[in-house]
Every structure is written in structure tokens, then in C-alpha cells.
Amino acid sequence: MIQPKSYLIAGIVAAFMLTALSGWALLTTHQNHPHPSAQQTALIGGVPFTLTDQHGKRRHFADYGNQHALVFFGFTHCPDVCPVALASITAALNALDAPQRKNIIPLFITTDPKRDTPQRMQAYAQQFAPEIVMLTGSQSQLQHAYHIFKVYAQKQTPQNDHHHTDHHAHHDHQTEPSYLINHSSFIYLMAPNGQFIDYFPYNVSVSELRDALRAL
């Protein structure tokens, strides 16, 4: 489990990365997408889906039928938004007592299935709450999940990196393609029956999220 000092270090690193990315930061593109309306949130959830977890096991949303779920969509190469959201979820869970914590299951659903293999997600999950479930699947399975949660996800590649990426893909098969994913960044709180309860911004305060979980 990640230690408090590690959170501080991770936060500092994330802050520097945001500054370096400046105009092309993923945060900027997130801010261009408005919060879901009351009409949209009424349509979130309530539909089963099947994906594969970081251990290669097929998972159905019904597997967590006796738990509330915190659902976040993102990708392991995300430089800022995703680590902040997952660190907040982890800290909020750490602030709960054991019975309360047992009632919550955090789910991370990838928006980058090409690079987010179960093996990579298993390693990534080690930085956060031990109970977090990292999920991937086929394109059709993921699109179904995006539709259920009204999630936006689109690959973005800097124009000036096109030739650079292609060059290295041809000459160095170990070099991963360089791109980000512009995606919705809300944390969804779902009831055990799969119905939508509430949502929070990725940078929700730990105290706000903790209090919402304690109130369940």
C-alpha cells in the first residue's frame, strides 16, 4: 500500500508534469467537457457489463452486487488526472473503518486497451488501494461500458510526433507509441444494484469523498 510520503512525492511530480505539458496538457482537454446534466446522470448505470481484470479473470458488474462501487475511467500512461483520482480514492478508503471499507469496491476501466494489458494494469495497481480492480476488454466490451457511464474517450497524438512515433515503431519494437487519451474524468459512485448515486471531479478532496462513502 502506498505510504503518505509517497502521495506527497507523487503529487509534486504530477504538478511538475502539468506545468511541463502546459497548453497540450490532458487537464486542458478535460475542462472542455461540461459536467453531466441531471438528464444524463439519470441514464448512467443500471446495465450489466463484462470485462477482464488485471489478473486475467473475467468480471461481471454483478460480481460486486453487495458493494457500492467507485468507478473511474482512465489509462495507465495518464500523466496527471488518473493518478490524482486514484490517489484520492485510495486516501478516502484509507480513512474508513474496516466494515465501511469492505462495502466499497473501486473499479478502474481503461480507455487505452492497446497499451493497458492485464500485466501492465496489475503493476500499476500496486501504487493504489489493494482492493482496486483494473478492467480492460475488447473494443466492443469497452464501448459498451463507456455507453453505460456516458463516458467520452478519444486518442490524441501530437501532430509533431506522428513521424517520430512511426520512425521508432519501425526501428525499435520495444518503444511504446506516444499518445494521450482525452477522456471523461469523473469518479462515479454506484449503488450495489448498479444504479447511479453521485459523481465527483477527479480532484475531489479526500474529506468530501470520505464523507460521501461514510454516509452510505
# chains A, B, ... in the order shown; residues from 1 in each chain; ligands from 1

call {"tool": "residues_around", "arguments": {"residues": "A:Val81", "least_positions_apart": "2", "cutoff": "8 Å", "atoms": "only C-alpha atoms", "output": "ChimeraX atom specification"}}
result
/A:26-27,78-79,83-85,185,202-203

call {"tool": "residues_around", "arguments": {"residues": "A:Phe73", "least_positions_apart": "6", "cutoff": "10 Å", "atoms": "only C-alpha atoms", "output": "PDB file with C-alpha atoms, in the first residue's frame"}}
result
ATOM      1  CA  CYS A  82      -5.738   9.468 -13.360  1.00  0.00           C
ATOM      2  CA  ALA A  85      -8.146  10.472  -8.946  1.00  0.00           C
ATOM      3  CA  LEU A 107     -13.101  -0.032 -10.335  1.00  0.00           C
ATOM      4  CA  PHE A 108     -10.688   1.436 -12.898  1.00  0.00           C
ATOM      5  CA  ILE A 109     -11.805   0.893 -16.510  1.00  0.00           C
ATOM      6  CA  THR A 110      -9.204   1.566 -19.175  1.00  0.00           C
ATOM      7  CA  THR A 111      -9.650   3.960 -22.068  1.00  0.00           C
ATOM      8  CA  ASP A 112      -6.429   2.627 -23.642  1.00  0.00           C
ATOM      9  CA  MET A 134      -8.373  -2.721 -13.033  1.00  0.00           C
ATOM     10  CA  LEU A 135     -10.517  -3.641 -16.020  1.00  0.00           C
ATOM     11  CA  ALA A 145     -19.091   0.256 -20.645  1.00  0.00           C
ATOM     12  CA  TYR A 146     -18.420   3.781 -21.959  1.00  0.00           C
ATOM     13  CA  PHE A 149     -21.485   5.556 -17.984  1.00  0.00           C
ATOM     14  CA  VAL A 151     -18.018   8.378 -20.943  1.00  0.00           C
ATOM     15  CA  TYR A 152     -16.070  10.202 -23.630  1.00  0.00           C
ATOM     16  CA  ALA A 153     -12.698   8.737 -24.706  1.00  0.00           C
ATOM     17  CA  HIS A 183     -11.408  11.174 -21.567  1.00  0.00           C
ATOM     18  CA  SER A 184     -14.143  11.979 -19.085  1.00  0.00           C
ATOM     19  CA  SER A 185     -12.627  12.369 -15.646  1.00  0.00           C
ATOM     20  CA  PHE A 186     -15.472  11.858 -13.191  1.00  0.00           C
ATOM     21  CA  ILE A 187     -15.499   9.401 -10.318  1.00  0.00           C
ATOM     22  CA  TYR A 188     -18.877   7.649 -10.291  1.00  0.00           C
TER      23      TYR A 188
END

call {"tool": "residues_around", "arguments": {"residues": "A:Pro48", "least_positions_apart": "2", "cutoff": "10 Å", "atoms": "only C-alpha atoms", "output": "MDAnalysis selection string"}}
result
chainID A and resid 45:46 50 60:62 144:145 148 193:194

call {"tool": "select_by_dssp", "arguments": {"residues": "stretch 47-125 of chain A", "states": "helix (DSSP H, G or I)", "output": "MDAnalysis selection string"}}
result
chainID A and resid 61:64 81:94 98:102 118:125

call {"tool": "residues_around", "arguments": {"residues": "A:Leu96", "least_positions_apart": "6", "cutoff": "10 Å", "atoms": "only C-alpha atoms", "output": "VMD selection string"}}
result
chain A and resid 102 104 210 to 211 213 to 214

call {"tool": "write_last_selection", "arguments": {"atoms": "N, CA and C atoms", "output": "mmCIF file, in the first residue's frame"}}
result
data_model
loop_
_atom_site.group_PDB
_atom_site.id
_atom_site.type_symbol
_atom_site.label_atom_id
_atom_site.label_comp_id
_atom_site.auth_asym_id
_atom_site.auth_seq_id
_atom_site.Cartn_x
_atom_site.Cartn_y
_atom_site.Cartn_z
ATOM 1 N N LYS A 102 -14.999 -2.319 3.499
ATOM 2 C CA LYS A 102 -15.384 -3.580 2.867
ATOM 3 C C LYS A 102 -16.605 -3.411 1.981
ATOM 4 N N ILE A 104 -17.066 -0.999 -0.117
ATOM 5 C CA ILE A 104 -16.724 -0.217 -1.316
ATOM 6 C C ILE A 104 -15.753 -0.996 -2.195
ATOM 7 N N ARG A 210 -14.502 10.906 1.320
ATOM 8 C CA ARG A 210 -14.610 10.085 2.533
ATOM 9 C C ARG A 210 -15.976 10.243 3.175
ATOM 10 N N ASP A 211 -16.459 11.471 3.314
ATOM 11 C CA ASP A 211 -17.756 11.721 3.946
ATOM 12 C C ASP A 211 -18.908 11.109 3.144
ATOM 13 N N LEU A 213 -18.699 8.431 1.297
ATOM 14 C CA LEU A 213 -18.639 6.985 1.488
ATOM 15 C C LEU A 213 -19.128 6.599 2.880
ATOM 16 N N ARG A 214 -18.814 7.397 3.871
ATOM 17 C CA ARG A 214 -19.276 7.105 5.224
ATOM 18 C C ARG A 214 -20.793 7.193 5.345
#

call {"tool": "closest_residue", "arguments": {"among": "A:Pro118, A:Pro130, A:Gly137, A:Pro192", "to": "A:Asp63", "atoms": "only C-alpha atoms"}}
result
A:Pro192

call {"tool": "atom_distance", "arguments": {"atom1": "atom CA of A:Val133", "atom2": "atom CA of A:Arg58"}}
result
11.4 Å

call {"tool": "residues_around", "arguments": {"residues": "A:Arg101", "least_positions_apart": "4", "cutoff": "10 Å", "atoms": "only C-alpha atoms", "output": "NGL selection string"}}
result
:A and (67-68 or 92-97 or 105 or 131 or 213-214)

call {"tool": "residues_around", "arguments": {"residues": "A:Ile89", "least_positions_apart": "2", "cutoff": "8 Å", "atoms": "only C-alpha atoms", "output": "MDAnalysis selection string"}}
result
chainID A and resid 85:87 91:93 106 129 206 209

call {"tool": "decode", "arguments": {"residues": "stretch 79-210 of chain A", "atoms": "C-alpha atoms", "output": "mmCIF file, in the first residue's frame"}}
result
data_model
loop_
_atom_site.group_PDB
_atom_site.id
_atom_site.type_symbol
_atom_site.label_atom_id
_atom_site.label_comp_id
_atom_site.auth_asym_id
_atom_site.auth_seq_id
_atom_site.Cartn_x
_atom_site.Cartn_y
_atom_site.Cartn_z
ATOM 1 C CA PRO A 79 0.347 11.847 -16.625
ATOM 2 C CA ASP A 80 -1.906 13.730 -14.240
ATOM 3 C CA VAL A 81 -5.654 13.228 -13.929
ATOM 4 C CA CYS A 82 -5.738 9.468 -13.360
ATOM 5 C CA PRO A 83 -3.045 9.293 -10.658
ATOM 6 C CA VAL A 84 -4.740 12.171 -8.808
ATOM 7 C CA ALA A 85 -8.146 10.472 -8.946
ATOM 8 C CA LEU A 86 -6.809 7.090 -7.849
ATOM 9 C CA ALA A 87 -4.744 8.629 -5.054
ATOM 10 C CA SER A 88 -7.868 10.437 -3.790
ATOM 11 C CA ILE A 89 -9.872 7.209 -3.899
ATOM 12 C CA THR A 90 -7.103 5.381 -2.040
ATOM 13 C CA ALA A 91 -6.823 8.068 0.645
ATOM 14 C CA ALA A 92 -10.596 8.175 1.123
ATOM 15 C CA LEU A 93 -10.715 4.386 1.531
ATOM 16 C CA ASN A 94 -7.823 4.536 3.999
ATOM 17 C CA ALA A 95 -9.888 6.963 6.087
ATOM 18 C CA LEU A 96 -12.764 4.482 6.502
ATOM 19 C CA ASP A 97 -13.047 1.856 9.186
ATOM 20 C CA ALA A 98 -12.822 -1.791 8.110
ATOM 21 C CA PRO A 99 -16.591 -2.541 7.806
ATOM 22 C CA GLN A 100 -17.171 0.641 5.795
ATOM 23 C CA ARG A 101 -14.211 -0.027 3.537
ATOM 24 C CA LYS A 102 -15.384 -3.580 2.867
ATOM 25 C CA ASN A 103 -18.582 -2.091 1.466
ATOM 26 C CA ILE A 104 -16.724 -0.217 -1.316
ATOM 27 C CA ILE A 105 -15.095 -1.618 -4.441
ATOM 28 C CA PRO A 106 -13.015 0.756 -6.628
ATOM 29 C CA LEU A 107 -13.101 -0.032 -10.335
ATOM 30 C CA PHE A 108 -10.688 1.436 -12.898
ATOM 31 C CA ILE A 109 -11.805 0.893 -16.510
ATOM 32 C CA THR A 110 -9.204 1.566 -19.175
ATOM 33 C CA THR A 111 -9.650 3.960 -22.068
ATOM 34 C CA ASP A 112 -6.429 2.627 -23.642
ATOM 35 C CA PRO A 113 -6.806 -1.138 -24.176
ATOM 36 C CA LYS A 114 -3.930 -1.247 -26.675
ATOM 37 C CA ARG A 115 -1.329 -0.475 -24.013
ATOM 38 C CA ASP A 116 -3.219 -1.361 -20.824
ATOM 39 C CA THR A 117 -2.702 -5.102 -20.775
ATOM 40 C CA PRO A 118 -3.680 -7.039 -17.637
ATOM 41 C CA GLN A 119 0.020 -7.337 -16.789
ATOM 42 C CA ARG A 120 0.626 -3.604 -17.032
ATOM 43 C CA MET A 121 -2.508 -2.790 -15.044
ATOM 44 C CA GLN A 122 -1.512 -5.295 -12.366
ATOM 45 C CA ALA A 123 1.767 -3.439 -11.883
ATOM 46 C CA TYR A 124 0.052 -0.043 -11.980
ATOM 47 C CA ALA A 125 -2.484 -1.086 -9.344
ATOM 48 C CA GLN A 126 0.313 -1.682 -6.824
ATOM 49 C CA GLN A 127 0.545 2.084 -6.293
ATOM 50 C CA PHE A 128 -3.005 2.380 -5.011
ATOM 51 C CA ALA A 129 -5.614 0.712 -2.797
ATOM 52 C CA PRO A 130 -5.043 -3.058 -2.686
ATOM 53 C CA GLU A 131 -8.693 -3.818 -3.476
ATOM 54 C CA ILE A 132 -8.772 -1.789 -6.685
ATOM 55 C CA VAL A 133 -9.939 -3.753 -9.720
ATOM 56 C CA MET A 134 -8.373 -2.721 -13.033
ATOM 57 C CA LEU A 135 -10.517 -3.641 -16.020
ATOM 58 C CA THR A 136 -9.974 -3.963 -19.750
ATOM 59 C CA GLY A 137 -11.657 -5.823 -22.578
ATOM 60 C CA SER A 138 -12.355 -5.929 -26.289
ATOM 61 C CA GLN A 139 -13.205 -2.695 -28.065
ATOM 62 C CA SER A 140 -16.889 -3.635 -28.162
ATOM 63 C CA GLN A 141 -16.932 -4.543 -24.460
ATOM 64 C CA LEU A 142 -15.299 -1.260 -23.519
ATOM 65 C CA GLN A 143 -17.543 0.775 -25.786
ATOM 66 C CA HIS A 144 -20.498 -0.835 -24.021
ATOM 67 C CA ALA A 145 -19.091 0.256 -20.645
ATOM 68 C CA TYR A 146 -18.420 3.781 -21.959
ATOM 69 C CA HIS A 147 -22.012 3.968 -23.172
ATOM 70 C CA ILE A 148 -23.391 2.814 -19.814
ATOM 71 C CA PHE A 149 -21.485 5.556 -17.984
ATOM 72 C CA LYS A 150 -21.805 8.163 -20.749
ATOM 73 C CA VAL A 151 -18.018 8.378 -20.943
ATOM 74 C CA TYR A 152 -16.070 10.202 -23.630
ATOM 75 C CA ALA A 153 -12.698 8.737 -24.706
ATOM 76 C CA GLN A 154 -10.580 9.691 -27.708
ATOM 77 C CA LYS A 155 -6.953 9.072 -28.596
ATOM 78 C CA GLN A 156 -4.879 12.198 -29.129
ATOM 79 C CA THR A 157 -1.467 12.258 -30.794
ATOM 80 C CA PRO A 158 0.555 15.493 -31.080
ATOM 81 C CA GLN A 159 0.869 16.412 -34.750
ATOM 82 C CA ASN A 160 4.579 16.917 -34.457
ATOM 83 C CA ASP A 161 5.006 13.400 -33.042
ATOM 84 C CA HIS A 162 3.463 11.486 -35.954
ATOM 85 C CA HIS A 163 6.690 10.888 -37.883
ATOM 86 C CA HIS A 164 8.741 10.489 -34.707
ATOM 87 C CA THR A 165 6.442 7.771 -33.389
ATOM 88 C CA ASP A 166 6.275 5.940 -36.715
ATOM 89 C CA HIS A 167 10.061 6.019 -37.042
ATOM 90 C CA HIS A 168 10.614 4.402 -33.665
ATOM 91 C CA ALA A 169 7.782 1.915 -34.151
ATOM 92 C CA HIS A 170 9.589 0.687 -37.252
ATOM 93 C CA HIS A 171 13.093 0.550 -35.812
ATOM 94 C CA ASP A 172 12.509 -0.194 -32.133
ATOM 95 C CA HIS A 173 9.669 -2.581 -31.373
ATOM 96 C CA GLN A 174 10.220 -2.116 -27.636
ATOM 97 C CA THR A 175 9.326 1.583 -27.795
ATOM 98 C CA GLU A 176 5.659 2.150 -26.987
ATOM 99 C CA PRO A 177 3.671 4.586 -29.146
ATOM 100 C CA SER A 178 3.443 8.048 -27.621
ATOM 101 C CA TYR A 179 -0.068 9.421 -27.212
ATOM 102 C CA LEU A 180 -2.578 10.525 -24.614
ATOM 103 C CA ILE A 181 -6.266 9.791 -24.241
ATOM 104 C CA ASN A 182 -8.710 12.632 -23.823
ATOM 105 C CA HIS A 183 -11.408 11.174 -21.567
ATOM 106 C CA SER A 184 -14.143 11.979 -19.085
ATOM 107 C CA SER A 185 -12.627 12.369 -15.646
ATOM 108 C CA PHE A 186 -15.472 11.858 -13.191
ATOM 109 C CA ILE A 187 -15.499 9.401 -10.318
ATOM 110 C CA TYR A 188 -18.877 7.649 -10.291
ATOM 111 C CA LEU A 189 -20.446 6.357 -7.093
ATOM 112 C CA MET A 190 -22.768 3.449 -7.871
ATOM 113 C CA ALA A 191 -25.231 1.527 -5.714
ATOM 114 C CA PRO A 192 -24.962 -2.276 -5.284
ATOM 115 C CA ASN A 193 -27.768 -2.685 -7.835
ATOM 116 C CA GLY A 194 -25.736 -0.754 -10.416
ATOM 117 C CA GLN A 195 -27.775 2.424 -10.151
ATOM 118 C CA PHE A 196 -26.097 5.828 -10.208
ATOM 119 C CA ILE A 197 -25.833 7.666 -6.860
ATOM 120 C CA ASP A 198 -23.448 10.579 -7.408
ATOM 121 C CA TYR A 199 -20.313 11.726 -9.213
ATOM 122 C CA PHE A 200 -17.219 13.668 -8.198
ATOM 123 C CA PRO A 201 -14.491 15.510 -10.125
ATOM 124 C CA TYR A 202 -11.172 13.686 -10.404
ATOM 125 C CA ASN A 203 -9.610 16.180 -7.965
ATOM 126 C CA VAL A 204 -12.305 15.838 -5.308
ATOM 127 C CA SER A 205 -10.985 16.447 -1.819
ATOM 128 C CA VAL A 206 -10.303 13.355 0.241
ATOM 129 C CA SER A 207 -12.577 14.631 3.009
ATOM 130 C CA GLU A 208 -15.522 15.140 0.642
ATOM 131 C CA LEU A 209 -15.173 11.684 -0.871
ATOM 132 C CA ARG A 210 -14.610 10.085 2.533
#
